[in-house]
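J.: What follows is query_23.cif, mmCIF, C-alpha atoms and all ligand atoms.
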```
data_protein
#
loop_
_atom_site.label_atom_id
_atom_site.label_comp_id
_atom_site.auth_asym_id
_atom_site.auth_seq_id
_atom_site.Cartn_x
_atom_site.Cartn_y
_atom_site.Cartn_z
CA MET C 1 185.86 -59.41 50.88
CA THR C 2 188.57 -60.63 48.50
CA ARG C 3 190.22 -57.81 46.64
CA THR C 4 189.72 -57.72 42.90
CA VAL C 5 192.76 -56.63 40.92
CA TYR C 6 193.27 -55.78 37.26
CA VAL C 7 195.85 -57.62 35.14
CA ASN C 8 196.04 -56.97 31.40
CA GLY C 9 192.32 -56.42 30.91
CA ASP C 10 191.09 -59.07 33.35
CA TYR C 11 189.50 -58.48 36.75
CA LEU C 12 190.65 -61.29 39.07
CA PRO C 13 190.64 -62.18 42.76
CA GLU C 14 194.10 -61.13 43.99
CA SER C 15 195.03 -64.76 44.74
CA GLU C 16 194.54 -65.64 41.05
CA ALA C 17 196.42 -62.68 39.56
CA ARG C 18 199.66 -63.68 37.80
CA VAL C 19 202.59 -61.91 36.16
CA SER C 20 205.47 -63.82 34.52
CA VAL C 21 208.81 -64.23 36.33
CA PHE C 22 210.34 -62.90 33.06
CA ASP C 23 208.40 -59.65 33.28
CA ARG C 24 210.81 -56.72 32.79
CA GLY C 25 209.21 -54.97 35.76
CA PHE C 26 210.22 -57.85 38.03
CA LEU C 27 213.72 -58.46 36.59
CA MET C 28 214.82 -54.93 35.65
CA ALA C 29 212.49 -52.50 37.48
CA ASP C 30 211.59 -51.62 33.88
CA GLY C 31 208.22 -50.06 34.51
CA VAL C 32 206.41 -46.97 35.67
CA TYR C 33 203.54 -46.35 38.06
CA GLU C 34 200.96 -43.87 39.28
CA VAL C 35 199.02 -43.56 42.52
CA VAL C 36 195.65 -41.83 42.34
CA SER C 37 193.80 -41.10 45.56
CA VAL C 38 190.10 -41.77 46.02
CA LEU C 39 187.92 -39.59 48.23
CA GLY C 40 184.19 -40.20 48.54
CA GLY C 41 184.48 -42.87 45.82
CA LYS C 42 185.89 -40.36 43.30
CA LEU C 43 189.31 -39.98 41.70
CA ILE C 44 191.50 -37.01 42.67
CA ASP C 45 193.64 -35.24 40.02
CA PHE C 46 193.11 -38.16 37.62
CA GLU C 47 193.94 -36.22 34.46
CA GLY C 48 197.26 -34.97 35.84
CA HIS C 49 198.30 -38.49 36.78
CA MET C 50 197.47 -39.74 33.27
CA ILE C 51 199.49 -36.94 31.67
CA ARG C 52 202.50 -37.87 33.83
CA LEU C 53 202.02 -41.61 33.13
CA LYS C 54 202.18 -40.97 29.39
CA ARG C 55 205.29 -38.81 29.82
CA SER C 56 207.02 -41.50 31.93
CA LEU C 57 206.18 -44.18 29.33
CA SER C 58 207.37 -42.01 26.49
CA GLU C 59 210.69 -41.13 28.22
CA LEU C 60 211.37 -44.89 28.50
CA ALA C 61 210.01 -45.74 25.03
CA ILE C 62 207.41 -48.11 26.49
CA ALA C 63 204.30 -48.28 24.29
CA ASN C 64 201.20 -46.93 26.03
CA PRO C 65 198.86 -49.92 26.05
CA LEU C 66 195.56 -48.20 26.93
CA SER C 67 193.63 -45.07 26.02
CA ASP C 68 192.80 -42.44 28.67
CA ASP C 69 189.18 -43.64 28.59
CA GLU C 70 190.27 -47.23 29.21
CA TYR C 71 192.46 -46.20 32.15
CA LEU C 72 189.58 -44.19 33.58
CA ALA C 73 187.08 -47.00 33.14
CA ALA C 74 189.43 -49.50 34.81
CA HIS C 75 190.07 -47.14 37.74
CA ARG C 76 186.35 -46.63 38.23
CA ASP C 77 185.61 -50.35 37.86
CA LEU C 78 188.17 -51.28 40.50
CA VAL C 79 186.89 -48.62 42.91
CA ALA C 80 183.33 -49.92 42.46
CA ARG C 81 184.20 -53.65 42.56
CA ASN C 82 186.21 -53.19 45.77
CA GLY C 83 183.74 -50.79 47.39
CA ILE C 84 186.40 -48.11 47.93
CA THR C 85 185.17 -44.88 49.53
CA ASP C 86 188.56 -43.49 50.58
CA GLY C 87 191.85 -44.96 49.47
CA LEU C 88 194.13 -45.31 46.47
CA VAL C 89 194.35 -46.86 43.04
CA TYR C 90 197.85 -48.12 42.16
CA LEU C 91 198.63 -48.51 38.45
CA GLN C 92 201.79 -50.07 37.05
CA VAL C 93 202.82 -50.46 33.42
CA THR C 94 205.97 -52.44 32.62
CA ARG C 95 207.77 -53.21 29.35
CA GLY C 96 206.20 -56.66 29.56
CA ASN C 97 207.36 -60.24 29.29
CA PRO C 98 209.94 -61.03 26.57
CA GLY C 99 209.98 -64.72 27.65
CA ASP C 100 213.61 -64.60 28.86
CA ARG C 101 216.12 -62.33 30.58
CA ASP C 102 218.03 -59.94 28.33
CA PHE C 103 219.44 -56.44 28.87
CA ALA C 104 218.28 -55.40 25.40
CA TYR C 105 214.68 -54.29 25.17
CA PRO C 106 212.31 -56.91 23.75
CA PRO C 107 211.23 -56.63 20.11
CA GLU C 108 208.65 -54.02 19.22
CA GLY C 109 205.18 -55.43 19.63
CA THR C 110 205.93 -57.13 22.99
CA ALA C 111 202.85 -56.28 25.02
CA PRO C 112 203.38 -54.11 28.10
CA THR C 113 202.02 -55.51 31.38
CA VAL C 114 199.31 -53.46 33.07
CA VAL C 115 198.45 -54.10 36.71
CA MET C 116 196.07 -52.09 38.88
CA PHE C 117 194.86 -52.59 42.42
CA THR C 118 193.11 -50.60 45.12
CA GLN C 119 194.03 -49.92 48.72
CA SER C 120 191.20 -49.05 51.06
CA LYS C 121 192.08 -46.29 53.54
CA PRO C 122 188.96 -45.17 55.38
CA GLY C 123 189.29 -41.56 56.60
CA LEU C 124 192.32 -40.94 54.34
CA ALA C 125 191.74 -37.18 54.39
CA ASP C 126 191.42 -37.09 58.20
CA ALA C 127 194.83 -38.59 58.98
CA PRO C 128 195.62 -37.72 62.64
CA ALA C 129 199.21 -36.87 61.58
CA ALA C 130 197.88 -33.78 59.77
CA LYS C 131 197.17 -32.29 63.23
CA THR C 132 200.53 -33.18 64.80
CA GLY C 133 202.88 -33.11 61.79
CA TRP C 134 205.69 -35.39 60.69
CA SER C 135 209.28 -35.45 61.77
CA VAL C 136 211.85 -35.98 59.03
CA VAL C 137 215.56 -36.75 58.97
CA SER C 138 217.97 -35.92 56.18
CA VAL C 139 219.75 -38.60 54.16
CA GLU C 140 221.99 -38.36 51.13
CA ASP C 141 220.10 -38.70 47.84
CA LEU C 142 221.64 -41.77 46.21
CA ARG C 143 219.00 -42.32 43.51
CA TRP C 144 219.62 -42.31 39.74
CA GLY C 145 219.60 -39.16 37.60
CA ARG C 146 216.09 -39.35 36.10
CA ARG C 147 213.84 -38.98 39.12
CA ASP C 148 211.33 -37.11 36.97
CA ILE C 149 210.33 -40.50 35.50
CA LYS C 150 208.05 -42.31 37.94
CA THR C 151 209.74 -45.71 37.73
CA VAL C 152 209.13 -48.67 40.03
CA GLN C 153 212.82 -48.53 41.00
CA LEU C 154 212.05 -47.71 44.64
CA LEU C 155 214.76 -49.52 46.57
CA TYR C 156 216.66 -46.42 47.68
CA PRO C 157 213.52 -44.54 48.81
CA SER C 158 212.58 -47.69 50.80
CA MET C 159 216.03 -47.77 52.39
CA ALA C 160 215.70 -44.08 53.26
CA LYS C 161 212.26 -44.70 54.79
CA MET C 162 213.72 -47.49 56.92
CA GLU C 163 216.57 -45.25 58.03
CA ALA C 164 214.02 -42.59 59.02
CA LYS C 165 212.05 -45.14 61.05
CA ALA C 166 215.23 -46.42 62.72
CA ARG C 167 216.00 -42.82 63.72
CA GLY C 168 212.48 -42.39 65.15
CA ALA C 169 211.19 -40.18 62.32
CA ASP C 170 208.26 -40.41 59.90
CA ASP C 171 210.13 -39.83 56.66
CA ALA C 172 213.45 -38.79 55.14
CA TRP C 173 214.29 -35.70 53.12
CA MET C 174 216.94 -36.53 50.56
CA VAL C 175 219.85 -34.14 50.10
CA GLN C 176 222.05 -33.68 47.03
CA ASP C 177 224.98 -31.23 46.98
CA GLY C 178 223.78 -29.76 50.27
CA HIS C 179 220.22 -29.08 49.06
CA VAL C 180 216.97 -30.95 49.65
CA THR C 181 215.64 -32.75 46.59
CA GLU C 182 212.42 -34.31 47.95
CA GLY C 183 210.98 -36.78 50.46
CA THR C 184 211.03 -40.55 49.94
CA SER C 185 207.65 -40.39 48.19
CA ASN C 186 206.65 -36.73 48.30
CA ASN C 187 207.76 -33.20 47.39
CA ALA C 188 209.29 -30.96 50.08
CA TYR C 189 208.52 -27.31 50.95
CA ILE C 190 209.34 -24.65 53.50
CA VAL C 191 207.45 -21.48 54.40
CA LYS C 192 209.10 -18.21 55.46
CA GLY C 193 206.76 -15.27 56.02
CA ASN C 194 204.39 -15.16 53.06
CA THR C 195 206.70 -17.18 50.80
CA ILE C 196 206.63 -20.88 49.97
CA VAL C 197 209.95 -22.32 48.78
CA THR C 198 210.20 -25.61 46.91
CA ARG C 199 212.82 -27.04 44.56
CA GLN C 200 212.32 -26.19 40.88
CA LEU C 201 211.31 -28.94 38.43
CA SER C 202 214.19 -30.77 36.73
CA HIS C 203 215.43 -34.34 36.33
CA ASP C 204 216.30 -34.25 40.07
CA ILE C 205 212.74 -34.63 41.40
CA LEU C 206 209.39 -36.11 40.53
CA HIS C 207 207.04 -33.51 39.06
CA GLY C 208 204.34 -33.98 41.68
CA ILE C 209 200.75 -33.69 40.59
CA THR C 210 199.78 -32.54 44.08
CA ARG C 211 202.69 -30.04 43.92
CA ALA C 212 201.28 -28.44 40.76
CA ALA C 213 197.83 -28.05 42.33
CA VAL C 214 199.12 -26.73 45.66
CA LEU C 215 201.38 -24.13 44.01
CA ARG C 216 198.43 -22.96 41.93
CA PHE C 217 196.21 -22.62 45.01
CA ALA C 218 199.01 -20.86 46.92
CA ALA C 219 199.37 -18.28 44.14
CA GLU C 220 195.59 -17.79 44.07
CA ALA C 221 195.71 -17.20 47.85
CA GLN C 222 198.22 -14.33 47.20
CA MET C 223 201.21 -16.24 48.54
CA GLN C 224 204.64 -15.85 46.95
CA VAL C 225 206.14 -19.02 45.51
CA GLU C 226 209.91 -19.37 45.03
CA GLU C 227 211.00 -22.44 43.08
CA ARG C 228 214.62 -22.97 44.13
CA PRO C 229 216.72 -25.40 46.17
CA PHE C 230 216.96 -24.97 49.96
CA THR C 231 219.25 -26.46 52.61
CA ILE C 232 218.38 -28.40 55.76
CA ALA C 233 219.65 -25.43 57.83
CA GLU C 234 217.30 -23.06 55.96
CA ALA C 235 214.42 -25.49 56.51
CA GLN C 236 215.17 -25.75 60.23
CA ALA C 237 215.06 -21.94 60.45
CA ALA C 238 211.80 -21.67 58.46
CA ASP C 239 208.40 -20.78 59.96
CA GLU C 240 206.75 -23.95 58.63
CA ALA C 241 207.56 -26.95 56.47
CA PHE C 242 205.44 -29.54 54.68
CA ILE C 243 205.30 -32.23 52.04
CA THR C 244 202.78 -33.06 49.32
CA SER C 245 201.79 -36.30 47.62
CA ALA C 246 198.72 -38.04 46.25
CA SER C 247 198.45 -40.19 49.38
CA ALA C 248 199.34 -37.65 52.11
CA PHE C 249 197.88 -34.57 50.32
CA VAL C 250 199.48 -31.65 52.23
CA MET C 251 201.23 -32.89 55.38
CA PRO C 252 202.98 -30.63 57.91
CA VAL C 253 206.60 -31.30 58.88
CA VAL C 254 207.35 -30.01 62.39
CA ARG C 255 210.80 -31.46 63.09
CA ILE C 256 213.86 -31.80 60.85
CA ASP C 257 216.91 -33.75 62.11
CA GLY C 258 215.62 -33.26 65.65
CA ALA C 259 215.19 -29.46 65.41
CA ALA C 260 211.72 -27.95 65.75
CA VAL C 261 210.53 -25.99 62.71
CA GLY C 262 209.10 -22.63 63.89
CA SER C 263 207.00 -23.28 67.00
CA GLY C 264 207.34 -27.04 66.51
CA LYS C 265 203.56 -27.13 66.02
CA VAL C 266 201.48 -27.31 62.84
CA GLY C 267 201.32 -23.76 61.44
CA PRO C 268 198.56 -21.70 59.83
CA VAL C 269 199.89 -21.75 56.25
CA VAL C 270 200.09 -25.52 55.90
CA THR C 271 196.74 -25.89 57.66
CA ARG C 272 195.11 -23.52 55.16
CA LEU C 273 196.81 -25.10 52.13
CA ARG C 274 195.65 -28.54 53.19
CA GLU C 275 192.08 -27.28 53.60
CA ILE C 276 192.09 -25.56 50.20
CA TYR C 277 193.68 -28.56 48.47
CA LEU C 278 191.17 -31.04 49.91
CA GLU C 279 188.20 -28.76 49.25
CA GLU C 280 189.17 -27.95 45.64
CA SER C 281 190.20 -31.52 44.78
CA ARG C 282 187.00 -32.98 46.13
CA LYS C 283 185.07 -30.48 43.98
CA ALA C 284 187.04 -31.44 40.86
CA ALA C 285 187.09 -35.22 41.58
CA ILE C 286 185.66 -37.48 38.88
N1 LIG F 1 204.69 -40.95 45.46
N2 LIG F 1 208.26 -37.38 44.84
C1 LIG F 1 208.36 -38.72 44.86
C2 LIG F 1 209.72 -39.32 44.88
C3 LIG F 1 207.20 -39.52 44.87
O1 LIG F 1 207.31 -40.87 44.89
C4 LIG F 1 205.92 -38.90 44.87
C5 LIG F 1 204.65 -39.70 44.86
C6 LIG F 1 205.87 -37.49 44.87
C7 LIG F 1 204.56 -36.74 44.87
O2 LIG F 1 203.90 -36.86 43.62
P1 LIG F 1 202.31 -36.76 43.53
O3 LIG F 1 201.91 -35.49 44.18
O4 LIG F 1 202.06 -36.76 42.09
O5 LIG F 1 201.78 -37.98 44.27
C8 LIG F 1 207.05 -36.77 44.84
C9 LIG F 1 203.52 -41.81 45.45
C10 LIG F 1 202.36 -41.24 46.18
C11 LIG F 1 203.92 -43.19 45.95
O6 LIG F 1 205.00 -43.61 45.58
O7 LIG F 1 203.15 -43.85 46.66
#
```
Could you quickly redo this structure as structure tokens?
T.:
Amino acid sequence: MTRTVYVNGDYLPESEARVSVFDRGFLMADGVYEVVSVLGGKLIDFEGHMIRLKRSLSELAIANPLSDDEYLAAHRDLVARNGITDGLVYLQVTRGNPGDRDFAYPPEGTAPTVVMFTQSKPGLADAPAAKTGWSVVSVEDLRWGRRDIKTVQLLYPSMAKMEAKARGADDAWMVQDGHVTEGTSNNAYIVKGNTIVTRQLSHDILHGITRAAVLRFAAEAQMQVEERPFTIAEAQAADEAFITSASAFVMPVVRIDGAAVGSGKVGPVVTRLREIYLEESRKAAI
């Protein structure tokens, strides 16, 4: 089946979808994105992703081209047209096509470009890695200073992912001034006793939608949550470690820079948090 994608209001076979070479997203990475997961044909945490999308657009002074209802309808249409049961919807909004290359923003009224597509991932919630855990390696965080804006400027995270693979790991944890910021495309956590530690929100990290939900569920499950930076050494000495994202949900991390975390096996806290997250999100899915 040919995938149907969304471009500026049209639903097209992917081979017919076109964006200008002058699009600011292509030339300047001048755009933002969201990834919403789909389980059982329904959207997970959709409202949170839309709130963050609008914040990202507003921080970059890009006009928001669609209403929440229009975004929702397009997400649902794409899921239906592509027969997605489990997978993702990727949404990107750029500052559009000014018709030439210029560092200055285009005149007001230039239409943003909106692209959406689906990725089918059957059994997304049953990823085998959730049973064995990921290994991560640390790399210096060389990204720009506004990581709270979900821009399409993903070259450094891609380089870090490739470095992780070259070192035989699943992902990289980025480190700034000796403290972990986040993973290449996920938020990072450690567990010590009954306490979950994760970096506090700031311009240094993306404000994960999965993070917000997981911290809420952790508090409801009577766990302590400390929002503060932690070092790689502290993480290696923790009982458990994990990451969260819309595509991996809650994923255990069992090895950091070659050192086993706790027993080196997936622990009870991350197992429980993953179960709660998946159960509650499926219930609230729309
Ligand atoms: N990435 N931190 C970074 C740098 C991210 O790119 C992401 C998401 C997260 C987790 O955010 P959320 O829980 O809202 O997905 C944290 C998406 C999944 C991606 O780039 O594919």
J.: Which residues form the shell of 8 Å around ligand LIG 1 (chain F) when you count all atoms listed in the file, given as a ChimeraX atom specification?
T.: /C:34-36,49,147,150,157,182-187,205-212,244-249
J.: Just want the 12 Å neighbourhood of Thr195 in chain C, counted on only C-alpha atoms, with same-chain residues fewer than 5 positions away dropped. Output as JSON, numbers by chain.
T.: {"C": [189, 190, 215, 218, 219, 221, 222, 223, 224, 225, 226, 227, 228, 238, 239, 240, 241, 269, 270]}
J.: Might you pull out every residue within 12 Å of Gly109 in chain C, with only C-alpha atoms counted and same-chain residues fewer than 2 positions away left off, and present them as a list in words?
T.: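 These residues fall inside the cut-off: Ile62, Ala63, Asn64, Pro65, Arg95, Gly96, Asn97, Pro98, Tyr105, Pro106, Pro107, Ala111 and Pro112 of chain C.
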J.: Within 7 Å of Leu43 in chain C, counting only C-alpha atoms, which residues qualify if same-chain residues fewer than 6 places away don't, as a ChimeraX atom specification?
T.: /C:36-37,285-286
J.: Nearest to Val89 in chain C: which of C:Thr4, C:Ser263, C:Ser138, C:Ser56 is it, counting only C-alpha atoms?
T.: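 Nearest candidate to Val89 in chain C out of C:Thr4, C:Ser263, C:Ser138, C:Ser56: C:Thr4.
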J.: So, with only C-alpha atoms as the atoms that count, which of C:Val93, C:Val136, C:Ala237, C:Ile44 lies closest to Asp170 in chain C?
T.: C:Val136
J.: Considering all atoms listed in the file, can you say which of C:Pro13, C:Ala169, C:Ser135, C:Gly178 comes closest to Glu234 in chain C?
T.: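 Looking only at the distances to Glu234 in chain C, the closest residue turns out to be C:Gly178.
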J.: If you measure from CA of Val214 in chain C to CA of Thr132 in chain C, what distance in Å do you get, rounded to one decimal?
T.: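 Between these atoms lies a distance of 20.2 Å.
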J.: If you measure from CA of Val261 in chain C to CA of Val191 in chain C, what distance in Å do you get, rounded to one decimal?
T.: 9.9 Å
J.: Could you pull out every residue with an atom within 7 Å of (218.9, -28.9, 53.2), file coordinates, counting all atoms listed in the file, and send them as a list in words?
T.: Val175, Gly178, His179, Val180, Phe230, Thr231, Ile232, Ala233, Glu234 and Ala235 of chain C
J.: What residues have an atom no more than 9 Å from (184.1, -57.7, 41.5) in the file's own frame, counting only C-alpha atoms, and can you write them as JSON, numbers by chain?
T.: {"C": [2, 3, 4, 5, 11, 12, 13, 77, 78, 80, 81, 82]}
J.: Restricted to C-alpha atoms, what would the selected residues look like written as a tab-separated table (two decimals), in the frame of the given file?
T.:
```tsv
chain	number	residue	atom	x	y	z
C	2	THR	CA	188.57	-60.63	48.50
C	3	ARG	CA	190.22	-57.81	46.64
C	4	THR	CA	189.72	-57.72	42.90
C	5	VAL	CA	192.76	-56.63	40.92
C	11	TYR	CA	189.50	-58.48	36.75
C	12	LEU	CA	190.65	-61.29	39.07
C	13	PRO	CA	190.64	-62.18	42.76
C	77	ASP	CA	185.61	-50.35	37.86
C	78	LEU	CA	188.17	-51.28	40.50
C	80	ALA	CA	183.33	-49.92	42.46
C	81	ARG	CA	184.20	-53.65	42.56
C	82	ASN	CA	186.21	-53.19	45.77
```
